[in-house]
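Participant: My questions will all concern the structure given below.
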Amino acid sequence: MKIWLPVNDALNKYSQYRHLITASNYITPFNVVSEQDVKLNFNSPGKVNIFSKTPSIGGIWATHPSFKYVSGQNNLMGESSVFAKVSTEENILVEMKNLLKMKKFIFVPEVLGFFRNRIKDLSELHEMKPGCKIAALLVEEFIDSISLGQAIVDERIDIDSVVESVINTLYVMHNYCAHRDLKHSHIRINLDPETIEELMMGFREDLNLEIEGVSIIDVETTKMRWEFSGDEFEPSVQRDITQLLTSINGYLSTLENDTEAIRRYFPTPIHKRLERFGALLDQLKLEYEVKVPQHFLRDSITTRFLIKRLGS
C-alpha cells in the first residue's frame, strides 16, 4: 500500500479534495522546486522522487509535508527521507531563525539545510502561476509523530502522559516565545517510527505507544518574548491557547461524522474522546486563562461539551 503519490497523480486522483492537498495549496502562488534542483542541492545520485501528501485521516505529519525528498537523512516506509518546506525566501529565513532559537528550550525539528532554487529551465515545475518567482527551500528533520488531536482520540495512548508532556512544553515555550499559529497539528506527539507506520496503514495490534516526547512545528510566525513591545506578549500567549482549542474542537467535531474511515482509524467512542479532551482542558485552565473560542461548529457534541466544561 502506497501512502505517497507523485504530485501530479495526487492532484488528479484527489481533485475533489484539492483544498486538502498540502503541496498544491501551501506553495501557491510560489513555484514548486524541481526534481533537477533537488538533485543539485542534495548531490543525490540517480532519480530524486518528489511527492505530495495525499489526504488522509489523522495521517503522519513531519514538519510541513509539502514535499518528500529521497536522501540519506531519515527513514520512512523503508525509504530514506527528509521533509522540505517551500515558501518565499523571507518566510523561510524567518522559520529557520526561529527553529534555531527555539531548539535551545524545546524540541523542534532540526534544520538540515537552506537552499535557493537554482534551476533555469522552468518546464518541469509542477505548478506555475503568472508572475511568480522561484521560492526558497528549507529542509527539516523528519519527526515520527501524530498530532495532539489524534493522540487525544486514541484511547490506547496514555492521556495523562500526553497532557503532562504538552502542558510542560507549552509552559516552557511561553516563557520564551509565542507561537502565534498554534493548532493541534502543530503539536506533535512523538512515537516509535514503526508504530507511526502501522497507524498510518490502519493497523492497531502490538504497537509501542509510549510517548517519546512532544515537538512543536511550523514556527514561521513565532516571535520571541524580547521581540514584543510593551504589553503585547501575554495577549499573544492567550491567543495561542484560544487557537489551539479552536483547532482541537474543530477536529473532534469533524470526527463525530459516522463514516467507515473514522470507525476504522478512530474507534474510540465519542464519550471517551470527550473525557480525554476534558483532561487537557482541566490542566490548561490551571495554567492559563482559558476562553471559549469564537469560531466553532455550534451544533456539535464537542462544542457543547467544551462550553459546559469551561463553565460558559
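Every chain in the C-alpha cells has a letter given in the order shown (A, B, ...), and although residue numbers restart at 1 in each chain, ligands are simply numbered from 1 in the order shown.
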If we count only C-alpha atoms and set the cut-off at 9 Å, which residues sit around region 204-218 of chain A, ignoring sequence neighbours fewer than 2 positions away in its own chain? Please answer as number ranges by chain.
Facilitator: A: 62-64, 95, 99, 106-109, 143, 145, 156-158, 161-162, 165-166, 169, 179, 181-182, 185-192, 194-196, 198-199, 201-202, 220-222, 265
Participant: Report, in Å with one decimal, the straight-line distance from CA of Pro293 (chain A) to CA of Asn168 (chain A).
Facilitator: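 Atom-to-atom, CA of Pro293 (chain A) and CA of Asn168 (chain A) are spaced 22.4 Å apart.
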Participant: Could you pull the residues within 8 Å of Asn249 (chain A), counting only C-alpha atoms, minus those fewer than 2 positions along the same chain, as a VMD selection string?
Facilitator: chain A and resid 245 to 247 251 to 253 296 302 to 303 306
Participant: Provide the CA of Val290 (chain A) to CA of Leu310 (chain A) distance in Å, to one decimal place.
Facilitator: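 According to the coordinates, CA of Val290 (chain A) and CA of Leu310 (chain A) are separated by 7.6 Å.
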Participant: If you measure from CA of Ile248 (chain A) to CA of Lys103 (chain A), what distance in Å do you get, rounded to one decimal?
Facilitator: 25.0 Å
